[in-house]
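S.K.: Sharing a structure here in structure tokens format.
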Amino acid sequence: MADQVTLTIDGVEVSVPKGTLIVEAAKRIRNEIPVFCYHAKLDPVGMCRMCLVEVGTPAIDPATKQPQLDGNGQPVIRFMPKPTTACTTPVSEGMVVKVNSEAALADRKAVLEFLLTSHPLDCPVCDKGGECPLQDLTIRHGPGKSRFDYEDKQHFPKKYPLGDLIVLDMERCVICARCVRFQSEVAYDPVLAIEERGRHAHIVTYSTPGFDSHYSGNTTDICPVGALTTRDFRFGARAWEMTNIPSVCNHCSVGCNTVLGTRTGEIKRIMPRQNEAVNEIWICDKGRFGHHFNGSPNRLTTPLVRKGNELVEASWGEALSLVAEKFGAIKQASGPNALGGLAGARLSNEDLYLFQKFFRQVIGTNNVDHRLGLSAALEDETAYTVGVGLGTDLGRVGKGTTILVVGCDLDEEAPILYLRVAAASCKRGAHVINAGGRRTKLDAQAKTSLRYRYGTAAHLVLGLLASVVQQGLVAREWLDSHTSGFADLEKALPDYAPDKVEKLTGLAAADIETAAKAFAEAENGIILFGLEAGNDPALRAALEALALVTGHAGKANNGIIPVLPHANSRGAADMGLVPHRLPGYVPVEAGQAGLSAQEMLAEDSPIKGMLIAGLDPAAESEAYKAALDKLDFLVVQELFLTETAQLADVVLPARGTAERDGAFTNAERRVQAFDAGVPAPGVAWADWLILTAIAGQMGADWPYASADGVMAEITQTVPLYTGMEFENLVAPVSLARKTSHYIYEGMSFTADVREGVQWPSLAERESAKVPLRFVSPAAPASNGQGLTLVAPRLLYDAGRLLAEAELMQPHIPQPQVLVSRADAQKLGLANGDIVTVSQNGASVALPVQINRSVSEGIVVVPRNLAGRPAERLVGPGGLFSSVKVEKI
């Protein structure tokens with residue numbers, strides 16, 4: 001093949017794609033060339049010289065321009081006069097490489113001797129001991145004895161805090177620069193650098209606070225020595241003492257694959273588990289350090305029942321009998337619709353499926369929902385119709401792909417998605433269009449930024465759609481065969497032409513037209529939208545239509561990714577945890593829709609009894625708390641005694657993700673299984689088991705004995721999940737896939753490598769025609785004072801799970817108002833001033849922080865912080881609103 005190159009490495013012939021580096025070519029034949037500075041995810045630099053090899057290429061006859069041949073008819077190989085770095089040298093046709101020649105081995109030995117001149121003998125206490133490349137390579141290639149004078153050893157501080165999460169031992173550092181390069185090339189947070197030269201070179205941080213990055217923990221993974229360690233794991237356990245359990249992160253909808261490093265029933269560390277289709281080999285610091293809720297002393301350990309004004313410990317039998325008795329009495333006296341259930345999107349698919357089954361089949365009502373708090377701020381049905389196609393891999397898309405991001409601060413809402421989208425732009429040439437109401441980190445990597453006025457996201461997308469039609473960029477053949485209703489949609493679009501919406505959105509018509517052209521003409525088109533776009537049906541319909549009209553749906557690397565807020569937000573929708581749909585997005589019968597979460601918690605709600613699992617409505621608003629307090633009977637399944645649990649008549653202790661098995665469905669519709677790693681506290685049960693027991697007490701005969709038994713039923717009753725039995729979800733990737741992608745660099749632990757299974761969107765089904773929808777967007781609210789309050793989600797917030805991680809508390813900000821310098825000058829504000837922020841009768845007093853990333857006309861109050869000031873202003877499910885700001 002023309003794009004293949006054949007070379008010989010240590011006498012073994014191998015063919016690899018053009019441009020492959022020697023070090024990667026050698027891996028194809030299991031010939032491991034030792035490295036320190038090289039990492040497959042970073043740009044090669046050839047700093048450490050550990051990978052020196054002898055390289056020869058065929059001699060070319062100057063006259064014929066053909067390879068010279070020897071007496072045996074074989075090409076004459078001319079070797080370079082000195083060894084060459086295998087990590088920076090691409091292969092060429094006919095190349096001959098000697099990895100283990102006498103000269104190469106001597107060079108490796110010399111490199112190691114130099115590196116060890118000042119390296120401390122810390123192996124017995126070093127956290128990297130037992131999984132350290134320097135240890136392994138020294139044993140394999142190093143000298144048995146050093147010739148250097150011990151008195152000439154270079155000394156550095158032994159535990160220098162780069163930040164409050166990462167500790168640097170500079171004496172162990174080999175100046176491979178992996179940490180510095182990761183922060184610049186992958187995280188796009190260039191907060192580390194190397195100062196000085198030679199033996200005086202050392203790592204420093206230039207940010208305030210130190211090592212200010214959401215991804216700092218990854219540097220400890222890829223560090224080939226023990227120079228960088230985390231405060232969380234430092235001196236916690238030895239590598240060989242731990243059992244590594246495959247798991248999935250439960251903090252956001254990316255679904256990062258993780259490894260629970262456990263010892264004596266305790267989680268000692270969280271590490272990334274390589275999955276090139278999801279998180280590659282990275283995780284954010286929230287996923288790494290936010291696990292302490294699992295072993296918290298504040299966990300619920302036994303059922304509680306209310307006796308008088310107190311919750312007292314009870315047996316499972318007593319608690320379950322009481323629940324069945326009270327629910328049965330309410331059903332008999334007031335009918336099944338007097339009962340309702342709310343379940344959080346952090347529960348597994350198995351839990352959520354049985355939750356809705358319990359209410360629909362045992363109770364007989366559709367009063368079920370998960371849309372509360374952040375889940376109420378962003379719901380979605382577009383993934384079912386035009387979600388990204390099977391085989392989509394954001395880690396591979398590049399030139400020829402346009403990625404449109406609407407209303408989403410990826411760095412805060414879905415950090416690993418941010419890394420993958422930013423890399424697609426900066427490393428592989430994808431055209432990223434970042435559309436939002438304020439500046440975000442992705443603007444620095446995006447080719448195009450569109451700054452629209454809050455409340456006009458739907459108008460912008462309709463403007464893009466109208467421009468696609470005006471410019472004749474409709475994918476007509478695909479549209480005719482896969483959709484219906486284009487004629488009606490086309491009639492509505494002229495009112496949203498770029499020149500008609502430019503004043504409303506604040507964007508020039510030419511900019512909208514250019515962006516529309518870039519998206520429509522791309523070979524592949526992917527749309528991501530998030531919380532700050534607003535929970536607007538008109539926006540979702542417009543985004544769906546934009547993907548369909550341009551033909552960017554129904555195939556790999558095309559379609560929509562809704563950036564939902566929780567680990568199983570997608571699964572909650574899939575499993576029918578809404579009052580108007582059954583599992584698999586099947587509508588309930590006409591007139592049979594149940595009450596939504598907001599309706600169940602309304603002042604005039606007919607609900608008399610509720611079961612709430614993994615949600616805390618009482619913490620969301622005083623109105624919700626009052627509604628719960630009026631119930632005749634309240635049951636709560638929880639990890640902690642939350643504000644809602646304190647109001648309950650029965651509290652049932654549930655197991656966390658690390659204490660049971662199950663499956664989550666991530667934002668890209670990839671169903672991924674996780675395993676149990678540590679024992680549950682006390683007598684806590686998995687949520688699916690609690691529901692099975694309650695159903696049994698109420699007369700149902702459910703046969704479930706395990707989570708995989710529940711999933712087996714899901715595969716039979718929910719067509720989307722056909723073939724997703726646990727044995728398929730945990731199936732290891734193929735050998736070919738491992739050979740080409742799975743490289744453990746800097747960390748030698750192993751765990752099951754599995755990629756999960758995606759379910760297909762409607763647009764991918766051959767016989768399906770997706771109806772094009774048009775929903776007229778509402779006019780945006782006017783700004784009385786000209787200020788728009790935005791309540792975005794931060795990665796580090798005051799959520800209940802993160803509150804148990806003491807190490808992370810300094811990263812959780814106190815509530816404050818972020819304003820631009822221009823608005824601060826207009827209002828006469830300085831940092832620290834106290835202001836009132838008012839909207840529709842609600843008012844909060846907060847300190848001011850002038851922030852250069854905030855645009856003029858925007859004030860930012862992050863949501864889910866202490867006291868919930870943002871929610872008091874915009875409502876529990878709101879995201880932006882017009883406000884008045886006054887200095888006190």
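To be explicit about the labels: the chains of the structure tokens are called A, B, and onward in the order shown, and within each one the residues are counted from 1, while ligands get numbers from 1 in the order they are shown.
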A:Gly340: which residues within 7 Å, counting only C-alpha atoms, same-chain residues fewer than 3 positions away excluded, as a JSON list (two decimals) with N, CA, C and O atoms, in the first residue's frame?
M.R.:
[["chain", "number", "residue", "atom", "x", "y", "z"],
["A", 367, "ASN", "N", -46.33, 9.20, 37.68],
["A", 367, "ASN", "CA", -45.73, 10.31, 38.43],
["A", 367, "ASN", "C", -44.28, 9.98, 38.79],
["A", 367, "ASN", "O", -43.94, 9.69, 39.94],
["A", 368, "VAL", "N", -43.41, 10.00, 37.80],
["A", 368, "VAL", "CA", -41.98, 9.78, 38.02],
["A", 368, "VAL", "C", -41.20, 10.84, 37.27],
["A", 368, "VAL", "O", -41.61, 11.27, 36.19],
["A", 607, "ILE", "N", -50.13, 15.23, 45.49],
["A", 607, "ILE", "CA", -49.30, 14.14, 45.97],
["A", 607, "ILE", "C", -49.33, 14.08, 47.50],
["A", 607, "ILE", "O", -49.16, 15.08, 48.19],
["A", 609, "GLY", "N", -47.82, 11.02, 49.09],
["A", 609, "GLY", "CA", -46.68, 10.21, 49.48],
["A", 609, "GLY", "C", -45.65, 10.17, 48.38],
["A", 609, "GLY", "O", -46.00, 10.17, 47.19],
["A", 610, "MET", "N", -44.36, 10.17, 48.77],
["A", 610, "MET", "CA", -43.30, 10.20, 47.76],
["A", 610, "MET", "C", -42.16, 9.27, 48.16],
["A", 610, "MET", "O", -41.88, 9.06, 49.35],
["A", 611, "LEU", "N", -41.52, 8.73, 47.13],
["A", 611, "LEU", "CA", -40.24, 8.03, 47.27],
["A", 611, "LEU", "C", -39.21, 8.83, 46.50],
["A", 611, "LEU", "O", -39.38, 9.08, 45.30]]
S.K.: Got a sec: who's within 6 Å of A:Glu54, counting only C-alpha atoms, leaving out chain neighbours fewer than 4 positions off, as a PDB file with N, CA and C atoms, in the first residue's frame?
M.R.:
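Now in part.pdb:
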ATOM      1  N   PRO A  83      24.193   7.387  17.037  1.00  0.00           N
ATOM      2  CA  PRO A  83      22.841   6.903  17.339  1.00  0.00           C
ATOM      3  C   PRO A  83      21.811   8.026  17.222  1.00  0.00           C
ATOM      4  N   VAL A  97      16.870  -0.658  11.624  1.00  0.00           N
ATOM      5  CA  VAL A  97      17.042  -0.123  12.975  1.00  0.00           C
ATOM      6  C   VAL A  97      17.639  -1.204  13.866  1.00  0.00           C
ATOM      7  N   LYS A  98      18.676  -0.830  14.613  1.00  0.00           N
ATOM      8  CA  LYS A  98      19.273  -1.728  15.590  1.00  0.00           C
ATOM      9  C   LYS A  98      18.976  -1.181  16.983  1.00  0.00           C
TER      10      LYS A  98
END
S.K.: Give me the residues near A:Leu390 as a PyMOL selection string, where near means some atom within 10 Å (using only C-alpha atoms) and where sequence neighbours in that chain fewer than 4 positions away do not count.
M.R.: chain A and resi 554-558+668-670+757-761+764
S.K.: Excluding A:Asp232 and residues on its chain fewer than 6 positions from it, collect all residues at most 9 Å away from it, counting only C-alpha atoms, and give them as a list of chain:residue names.
M.R.: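 Here the answer would be A:Leu165, A:Ile166, A:Lys268, A:Arg269, A:Phe289, A:Leu807.
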S.K.: Take the residues that were just selected and, keeping N, CA, C and O atoms, output them as a short mmCIF file (atom, residue, chain, number, x, y, z; two decimals), in the first residue's frame.
M.R.:
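Okay, again.cif is ready:
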data_model
loop_
_atom_site.label_atom_id
_atom_site.label_comp_id
_atom_site.auth_asym_id
_atom_site.auth_seq_id
_atom_site.Cartn_x
_atom_site.Cartn_y
_atom_site.Cartn_z
N LEU A 165 -2.62 20.28 45.72
CA LEU A 165 -2.93 18.89 45.39
C LEU A 165 -1.70 18.08 45.00
O LEU A 165 -1.69 16.85 45.16
N ILE A 166 -0.68 18.73 44.48
CA ILE A 166 0.48 18.04 43.91
C ILE A 166 1.76 18.46 44.64
O ILE A 166 2.01 19.64 44.86
N LYS A 268 -7.81 3.81 47.96
CA LYS A 268 -6.57 4.55 48.21
C LYS A 268 -6.31 5.60 47.13
O LYS A 268 -5.70 6.63 47.40
N ARG A 269 -6.74 5.32 45.91
CA ARG A 269 -6.54 6.28 44.85
C ARG A 269 -7.49 5.97 43.71
O ARG A 269 -7.98 4.86 43.57
N PHE A 289 -9.99 13.16 42.87
CA PHE A 289 -9.93 13.42 44.30
C PHE A 289 -11.31 13.47 44.97
O PHE A 289 -11.38 13.57 46.20
N LEU A 807 -9.73 17.51 50.96
CA LEU A 807 -8.64 18.03 50.12
C LEU A 807 -9.14 19.05 49.11
O LEU A 807 -8.40 19.96 48.71
#
S.K.: For A:Leu865, find every residue with an atom within 10 Å (counting only C-alpha atoms), except residues of its own chain fewer than 6 positions away, and show them as a PyMOL selection string.
M.R.: chain A and resi 793-794+796-799+812-816+871
S.K.: Find the residue from A:Ala695, A:Leu21, A:Val225, A:Met80 that sits nearest to A:Pro120; use only C-alpha atoms when measuring.
M.R.: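 Among the listed residues, the smallest separation from A:Pro120 belongs to A:Val225.
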S.K.: Which of stretch 359-601 of chain A counts as strand (DSSP E) under DSSP, as number ranges by chain please?
M.R.: A: 368-369, 401-406, 431-436, 448-451, 483-484, 524-529, 559-562, 581-582, 586-587
S.K.: Hey, what's within 12 Å of A:Ile612 if we count only C-alpha atoms and toss same-chain stuff fewer than 4 positions away? As number ranges by chain, please?
M.R.: A: 339-345, 347, 352, 355-356, 359, 367-370, 372, 597, 600-601, 616-618, 628, 633-638, 642, 644-645, 647-652, 654, 687, 691
S.K.: Looking at only C-alpha atoms, which of A:Leu493, A:Gln445, A:Ala693, A:Asp380 is the one that sits closest to A:Asp574?
M.R.: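 Closest candidate: A:Asp380.
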S.K.: What separation in Å, quoted to one decimal, exists between atom CA of A:Ile222 and atom CA of A:Ala663?
M.R.: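 We find that atom CA of A:Ile222 and atom CA of A:Ala663 lie 28.4 Å from each other.
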S.K.: Contacts between stretch 526-550 of chain A and stretch 563-616 of chain A, please, where a residue of stretch 563-616 of chain A counts if it comes within 9 Å (with only C-alpha atoms); show its shortest atom pair and distance in Å to one decimal, rows by chain and ascending number, as CSV.
M.R.:
residue,atom,partner,partner_atom,distance
A:Val563,CA,A:Gly530,CA,5.0
A:Leu564,CA,A:Gly530,CA,6.7
A:Pro565,CA,A:Leu531,CA,7.9
S.K.: Would you mind listing what lies within 9 Å of A:Ala845 as a PyMOL selection string, with only C-alpha atoms counted and same-chain residues fewer than 5 positions away left out?
M.R.: chain A and resi 816+834-838+869+888
S.K.: Restricted to N, CA and C atoms, what would the selected residues look like written as a short mmCIF file (atom, residue, chain, number, x, y, z; two decimals), in the first residue's frame?
M.R.:
data_model
loop_
_atom_site.label_atom_id
_atom_site.label_comp_id
_atom_site.auth_asym_id
_atom_site.auth_seq_id
_atom_site.Cartn_x
_atom_site.Cartn_y
_atom_site.Cartn_z
N GLN A 816 -20.11 34.69 45.27
CA GLN A 816 -19.73 36.06 44.98
C GLN A 816 -20.27 36.43 43.61
N ILE A 834 -19.78 44.90 48.83
CA ILE A 834 -21.01 44.10 48.95
C ILE A 834 -22.10 44.77 48.12
N VAL A 835 -22.77 43.97 47.29
CA VAL A 835 -23.85 44.48 46.45
C VAL A 835 -25.09 43.61 46.67
N THR A 836 -26.24 44.20 46.35
CA THR A 836 -27.47 43.40 46.28
C THR A 836 -27.75 43.11 44.81
N VAL A 837 -28.09 41.87 44.54
CA VAL A 837 -28.50 41.47 43.20
C VAL A 837 -29.96 41.10 43.29
N SER A 838 -30.81 41.79 42.51
CA SER A 838 -32.25 41.64 42.66
C SER A 838 -32.90 41.25 41.35
N PRO A 869 -27.40 31.10 46.35
CA PRO A 869 -27.87 32.45 45.97
C PRO A 869 -28.29 32.53 44.51
N ILE A 888 -24.17 48.30 48.32
CA ILE A 888 -24.71 48.56 49.66
C ILE A 888 -23.87 49.63 50.36
#
S.K.: Mind giving me the straight-line distance from atom CA of A:Ala376 to atom CA of A:Val861 in Å, one decimal?
M.R.: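 Interatomic distance here is 18.3 Å.
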S.K.: Can you check which residues of stretch 48-124 of chain A DSSP gives as helix (DSSP H, G or I) on the backbone and send them as a ChimeraX atom specification?
M.R.: /A:102-115
S.K.: Between atom CA of A:Met95 and atom CA of A:Thr8, what is the distance in Å, rounded to a tenth?
M.R.: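 Distance between the two atoms: 6.3 Å.
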